[in-house]
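Structure first, then comments.
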Amino acid sequence: MERLIPMFTSDGVRDAEVTVHPFAAGDGLGLTLTRFRRGPPQDRGSPARPRDAVLLVHGLTTSSDMFIMPEHANLAGYLLDHGFPDVWALDHRMSNRFPYDLACHRFTLDDVALHDFPAALAEIRAHVGPGCRVHVIAHCLGAVAFAMSLAAGAATGVSSAIANSSALVLRLPAWSRCKLRVVPGLTEYVLGLPYLNPAWPQDAHFTRGRVIARAVSLFHRECDVRSCHMVSAMWGAGRPALFDHERMSPVTHERIADLFGATGVHYYRHIRAIVRAGRAVKYRPGDPAYRDLPDDYLEAAAGLTTPLLLTSGDRNHVMSDSNTACQRELARRAPGVSRLRLFPGYGHQDVFMGKDSARDVFPHMVDFLREHAG
């Protein structure tokens, strides 16, 4: 298959020094940080320490690629151009760059909160020094897991954070809740598959994945990109579910299968537990492996002091009004810590991946970061 854009390219971030930093999560899983830097002049043979660094966190089934897309202005480049010369893009265990989601694993959001973010922040600190302010912009389940890590006191030393689409409260469309009940067991135990994959339409004829993809497309007549249909089947409720076609570049739409990868379905079980509880909760209360995490993250959030901006498109068909509800809860439990920003006409994924996000969305995020930067 001929790709419009090479996979895992960093060509979308111009005039930056790009370095890759492999590191180990707290449980030993290998993760990666990619640093994009326009550094200050060297002083006495060594680069000066940055005053502010920004960490970008993707959601489930995407990767750091969602922040560095070359087909239009992207978030990493926008930050570099607007006063934040040190940007770090994390690929945590939910990234499609790794093989973890191609196995029948049992990772949960607790693992990301407990093991991935503290290790990522420690790796960044080793390079930027203790005096640098670190800000975080996180999306979807990456934002949920990061908010959980903040509330638990596992992620520390964060000067400000932006959580897009969801955080400590999940309110999903009815059809999404139905899928959460059925999909994990159906996928693993009936179909015998360890994951769902937007790239199944590219599989060989008569394979299970391709047959499933063709069946999904019978219910999605909104476009002719079958990977787009698969993504809508995996997440949210709508045709399409994750974004408005008009918000996306045609190039982005054609390469959906590269940007949204395969995902193991066990994460769905933790999401289901959170939806049932009405707030972020630990998946296995009583498990000593997670004793450092609270059973109820929203209750623990009463101690939050990190300034939070909760954002979402006002046409979100994946997480619905989760962040609106979360902001109400946080306003009551941790007054003055959080605020809400809705982006008119945007949905779930197009907030970051839309062709006009640099005009409509990114300036508001940068304004918030500047309030808490040097």
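A note on labels: chains of the structure tokens are A, B, ... as shown, every chain counts residues from 1, and ligands are counted from 1 in their shown order.
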Rows by chain and residue number, stretch 2-78 of chain A within 12 Å of stretch 343-360 of chain A, shortest pair, only C-alpha atoms, as a Markdown table:
| residue | atom | partner | partner_atom | distance |
| --- | --- | --- | --- | --- |
| A:Leu56 | CA | A:Phe352 | CA | 11.0 |
| A:Val57 | CA | A:Phe352 | CA | 11.4 |
| A:His58 | CA | A:Phe352 | CA | 10.0 |
| A:Gly59 | CA | A:Gln349 | CA | 9.5 |
| A:Leu60 | CA | A:Gln349 | CA | 11.4 |
| A:Thr61 | CA | A:Gln349 | CA | 11.7 |
| A:Thr62 | CA | A:Gln349 | CA | 10.0 |
| A:Ser63 | CA | A:Met353 | CA | 11.9 |
| A:Ser64 | CA | A:Phe352 | CA | 11.4 |
| A:Asp65 | CA | A:Met353 | CA | 9.8 |
| A:Met66 | CA | A:Met353 | CA | 6.3 |
| A:Phe67 | CA | A:Phe352 | CA | 7.0 |
| A:Ile68 | CA | A:Met353 | CA | 9.3 |
| A:Met69 | CA | A:Met353 | CA | 7.7 |
| A:Pro70 | CA | A:Lys355 | CA | 10.6 |
| A:Glu71 | CA | A:Lys355 | CA | 8.1 |
| A:His72 | CA | A:Lys355 | CA | 5.9 |
| A:Ala73 | CA | A:Ala358 | CA | 6.1 |
| A:Asn74 | CA | A:Ala358 | CA | 6.8 |
| A:Leu75 | CA | A:Phe352 | CA | 7.0 |
| A:Ala76 | CA | A:Phe352 | CA | 10.4 |
| A:Gly77 | CA | A:Ala358 | CA | 9.7 |
| A:Tyr78 | CA | A:Ala358 | CA | 7.1 |
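By only C-alpha atoms, and with residues fewer than 6 positions from A:Arg106 along its chain excluded, the set lying at most 12 Å from it is A:Arg93, A:Met94, A:Tyr100, A:Val112, A:Pro184, A:Glu188, A:Pro194, A:Tyr195, A:Thr263, A:Gly264, A:Val265, A:His266, A:Tyr267, A:Tyr268, A:Arg269, A:His270, A:Tyr283, A:Arg284.
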Put those residues in a file: N, CA and C atoms, as a tab-separated table (two decimals), in the first residue's frame.
chain	number	residue	atom	x	y	z
A	93	ARG	N	1.81	3.43	27.19
A	93	ARG	CA	1.47	2.06	26.82
A	93	ARG	C	0.20	1.94	25.96
A	94	MET	N	-0.58	2.98	25.84
A	94	MET	CA	-1.74	2.93	24.94
A	94	MET	C	-1.41	3.36	23.52
A	100	TYR	N	2.11	-3.69	22.31
A	100	TYR	CA	1.38	-4.14	23.49
A	100	TYR	C	-0.11	-4.38	23.21
A	112	VAL	N	-1.41	3.04	33.63
A	112	VAL	CA	-0.89	4.25	33.00
A	112	VAL	C	-0.67	5.33	34.05
A	184	PRO	N	-15.85	-6.24	24.72
A	184	PRO	CA	-14.71	-7.01	25.22
A	184	PRO	C	-14.90	-8.52	25.15
A	188	GLU	N	-12.83	-10.98	22.46
A	188	GLU	CA	-11.85	-11.94	22.96
A	188	GLU	C	-12.34	-13.38	22.95
A	194	PRO	N	-7.55	-10.70	19.88
A	194	PRO	CA	-7.03	-9.97	21.04
A	194	PRO	C	-7.20	-8.46	20.94
A	195	TYR	N	-7.62	-7.96	19.79
A	195	TYR	CA	-7.69	-6.51	19.60
A	195	TYR	C	-8.66	-6.16	18.48
A	263	THR	N	-6.12	-1.74	19.15
A	263	THR	CA	-6.17	-1.63	20.61
A	263	THR	C	-6.77	-2.88	21.24
A	264	GLY	N	-6.10	-3.36	22.31
A	264	GLY	CA	-6.69	-4.42	23.11
A	264	GLY	C	-7.93	-3.91	23.80
A	265	VAL	N	-8.88	-4.79	24.03
A	265	VAL	CA	-10.20	-4.35	24.50
A	265	VAL	C	-10.34	-4.36	26.02
A	266	HIS	N	-9.28	-4.75	26.75
A	266	HIS	CA	-9.44	-4.77	28.20
A	266	HIS	C	-9.60	-3.37	28.78
A	267	TYR	N	-9.03	-2.37	28.13
A	267	TYR	CA	-9.24	-1.00	28.58
A	267	TYR	C	-10.73	-0.67	28.64
A	268	TYR	N	-11.52	-1.25	27.73
A	268	TYR	CA	-12.95	-1.00	27.72
A	268	TYR	C	-13.59	-1.38	29.05
A	269	ARG	N	-13.06	-2.43	29.68
A	269	ARG	CA	-13.64	-2.89	30.94
A	269	ARG	C	-13.44	-1.86	32.04
A	270	HIS	N	-12.27	-1.22	32.05
A	270	HIS	CA	-12.05	-0.18	33.05
A	270	HIS	C	-12.93	1.04	32.75
A	283	TYR	N	-9.72	0.07	39.06
A	283	TYR	CA	-10.35	-1.10	38.45
A	283	TYR	C	-10.39	-2.29	39.40
A	284	ARG	N	-9.33	-2.49	40.16
A	284	ARG	CA	-9.29	-3.63	41.09
A	284	ARG	C	-9.04	-3.13	42.52
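Candidate residues A:Cys326, A:Val337, A:Leu168, A:Val182 were compared for distance to A:Thr305, and the nearest is A:Val337, using only C-alpha atoms.
Using only C-alpha atoms, the shortest contact distance between A:Arg339 and any of A:Met7, A:Ala233, A:Ala257, A:Leu309 is found at A:Leu309.
Of the residues in stretch 273-329 of chain A, those that DSSP places in helix (DSSP H, G or I) on the basis of the backbone are Ala273, Ile274, Val275, Arg276, Ala277, Pro288, Ala289, Tyr290, Tyr297, Leu298, Glu299, Ala300, Ala301, Ala302, Gly303, Ser322, Asn323, Thr324, Ala325, Cys326, Gln327, Arg328 and Glu329 of chain A.
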query = Running DSSP on the backbone, which parts of stretch 169-315 of chain A land in strand (DSSP E), as a list of chain:residue names?
reply = A:Tyr195, A:Leu196, A:Thr263, A:Gly264, A:Leu308, A:Leu309, A:Leu310, A:Thr311, A:Ser312, A:Gly313
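Taking atom CA of A:Asp244 as the reference point, atom CA of A:Val216 is found at 18.9 Å.
Within 9 Å of stretch 176-180 of chain A there are Leu172, Pro173, Ala174, Val182, Val183, Pro184, Ala233, Met234, Trp235, Gly236, Ala237, Tyr268, Arg269, Ile271, Arg272, Val275 and Val318 of chain A, counting only C-alpha atoms and ignoring same-chain residues fewer than 2 positions away.
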Residues within 8 Å of A:Asp296, please, as an mmCIF file with N, CA and C atoms, in the first residue's frame. Count only C-alpha atoms; anything in the same chain fewer than 3 positions from it doesn't count.
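Produced file around-v4.cif, reproduced below:
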data_model
loop_
_atom_site.group_PDB
_atom_site.id
_atom_site.type_symbol
_atom_site.label_atom_id
_atom_site.label_comp_id
_atom_site.auth_asym_id
_atom_site.auth_seq_id
_atom_site.Cartn_x
_atom_site.Cartn_y
_atom_site.Cartn_z
ATOM 1 N N ARG A 279 -17.627 8.258 37.996
ATOM 2 C CA ARG A 279 -16.391 8.977 38.275
ATOM 3 C C ARG A 279 -15.235 8.005 38.087
ATOM 4 N N ALA A 280 -14.025 8.523 37.996
ATOM 5 C CA ALA A 280 -12.856 7.666 37.832
ATOM 6 C C ALA A 280 -12.605 6.857 39.100
ATOM 7 N N VAL A 281 -12.581 5.552 38.951
ATOM 8 C CA VAL A 281 -12.354 4.649 40.077
ATOM 9 C C VAL A 281 -11.281 3.641 39.710
ATOM 10 N N LYS A 282 -10.667 3.056 40.726
ATOM 11 C CA LYS A 282 -9.686 2.007 40.534
ATOM 12 C C LYS A 282 -10.381 0.756 39.994
ATOM 13 N N GLU A 299 -12.826 11.688 44.477
ATOM 14 C CA GLU A 299 -12.766 12.051 45.893
ATOM 15 C C GLU A 299 -11.379 12.547 46.251
ATOM 16 N N ALA A 300 -10.346 11.882 45.727
ATOM 17 C CA ALA A 300 -8.966 12.294 45.991
ATOM 18 C C ALA A 300 -8.644 13.641 45.368
#
inquiry  = Please list as a PyMOL selection string every residue within 12 Å of stretch 253-256 of chain A, counting only C-alpha atoms and excluding residues in the same chain fewer than 5 positions away.
reply    = chain A and resi 1-7+61-62+65-66+69+71+197-202+223-232+240+242-248+261-262+349-350+353-355
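When the distance limit is 8 Å and only C-alpha atoms are what count, the residues near stretch 113-123 of chain A, minus those fewer than 2 positions from it on the same chain, are A:Phe23, A:Ala24, A:Ala25, A:Gly26, A:Asp27, A:Leu31, A:Leu33, A:Leu90, A:His92, A:Arg93, A:Leu109, A:Asp110, A:Asp111, A:Arg125, A:Ala126, A:His127, A:Ala145, A:Phe146, A:Met148, A:Ser149, A:Ala154, A:Ala155, A:Thr156, A:Tyr290, A:Asp292, A:Leu293.
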Would you save the residues from that selection as a CSV table (one decimal), in the first residue's frame, using N, CA and C atoms?
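Here's the written file out-v9.csv:
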chain,number,residue,atom,x,y,z
A,23,PHE,N,12.6,5.0,27.7
A,23,PHE,CA,12.7,4.9,29.1
A,23,PHE,C,11.8,3.8,29.6
A,24,ALA,N,11.9,3.4,30.8
A,24,ALA,CA,11.1,2.3,31.4
A,24,ALA,C,10.0,2.9,32.3
A,25,ALA,N,8.8,2.4,32.1
A,25,ALA,CA,7.7,2.7,33.0
A,25,ALA,C,8.0,2.0,34.4
A,26,GLY,N,7.2,2.4,35.4
A,26,GLY,CA,7.5,1.8,36.7
A,26,GLY,C,7.4,0.3,36.8
A,27,ASP,N,6.7,-0.3,35.9
A,27,ASP,CA,6.6,-1.8,35.9
A,27,ASP,C,7.5,-2.4,34.9
A,31,LEU,N,8.8,2.5,27.1
A,31,LEU,CA,8.1,3.6,26.6
A,31,LEU,C,9.0,4.6,25.9
A,33,LEU,N,9.7,8.9,24.8
A,33,LEU,CA,9.5,10.3,24.7
A,33,LEU,C,10.2,10.9,23.5
A,90,LEU,N,4.8,12.2,24.4
A,90,LEU,CA,4.9,10.8,25.1
A,90,LEU,C,4.2,9.8,24.3
A,92,HIS,N,2.9,6.5,25.6
A,92,HIS,CA,2.8,5.6,26.7
A,92,HIS,C,2.2,4.3,26.3
A,93,ARG,N,1.8,3.4,27.2
A,93,ARG,CA,1.5,2.1,26.8
A,93,ARG,C,0.2,1.9,26.0
A,109,LEU,N,-6.3,1.7,33.0
A,109,LEU,CA,-5.8,3.1,33.2
A,109,LEU,C,-5.1,3.3,34.4
A,110,ASP,N,-5.3,2.4,35.4
A,110,ASP,CA,-4.5,2.5,36.7
A,110,ASP,C,-3.0,2.3,36.4
A,111,ASP,N,-2.7,1.4,35.4
A,111,ASP,CA,-1.3,1.1,35.1
A,111,ASP,C,-0.7,2.4,34.5
A,125,ARG,N,12.5,15.5,33.7
A,125,ARG,CA,13.2,16.3,34.7
A,125,ARG,C,14.7,16.1,34.6
A,126,ALA,N,15.1,14.8,34.2
A,126,ALA,CA,16.5,14.5,34.1
A,126,ALA,C,17.2,15.4,33.1
A,127,HIS,N,16.4,15.9,32.1
A,127,HIS,CA,17.0,16.7,31.0
A,127,HIS,C,16.8,18.2,31.2
A,145,ALA,N,-6.3,9.2,32.4
A,145,ALA,CA,-5.3,8.5,33.2
A,145,ALA,C,-4.4,9.6,33.8
A,146,PHE,N,-4.1,10.7,33.1
A,146,PHE,CA,-3.2,11.7,33.7
A,146,PHE,C,-3.9,12.4,34.8
A,148,MET,N,-6.1,11.1,36.7
A,148,MET,CA,-6.1,10.1,37.8
A,148,MET,C,-4.7,10.1,38.5
A,149,SER,N,-3.7,10.2,37.7
A,149,SER,CA,-2.3,10.3,38.3
A,149,SER,C,-2.1,11.5,39.1
A,154,ALA,N,0.6,10.8,42.2
A,154,ALA,CA,1.6,10.0,41.5
A,154,ALA,C,2.4,10.9,40.5
A,155,ALA,N,1.7,11.7,39.8
A,155,ALA,CA,2.3,12.7,38.9
A,155,ALA,C,2.5,14.0,39.7
A,156,THR,N,3.7,14.4,39.9
A,156,THR,CA,3.9,15.6,40.7
A,156,THR,C,4.8,16.6,39.9
A,290,TYR,N,-1.8,-2.0,43.5
A,290,TYR,CA,-2.2,-0.6,43.2
A,290,TYR,C,-2.6,0.1,44.5
A,292,ASP,N,-1.0,2.2,46.1
A,292,ASP,CA,-0.7,3.7,46.1
A,292,ASP,C,-1.7,4.5,45.4
A,293,LEU,N,-2.7,3.9,44.8
A,293,LEU,CA,-3.7,4.7,44.1
A,293,LEU,C,-5.0,4.7,44.9
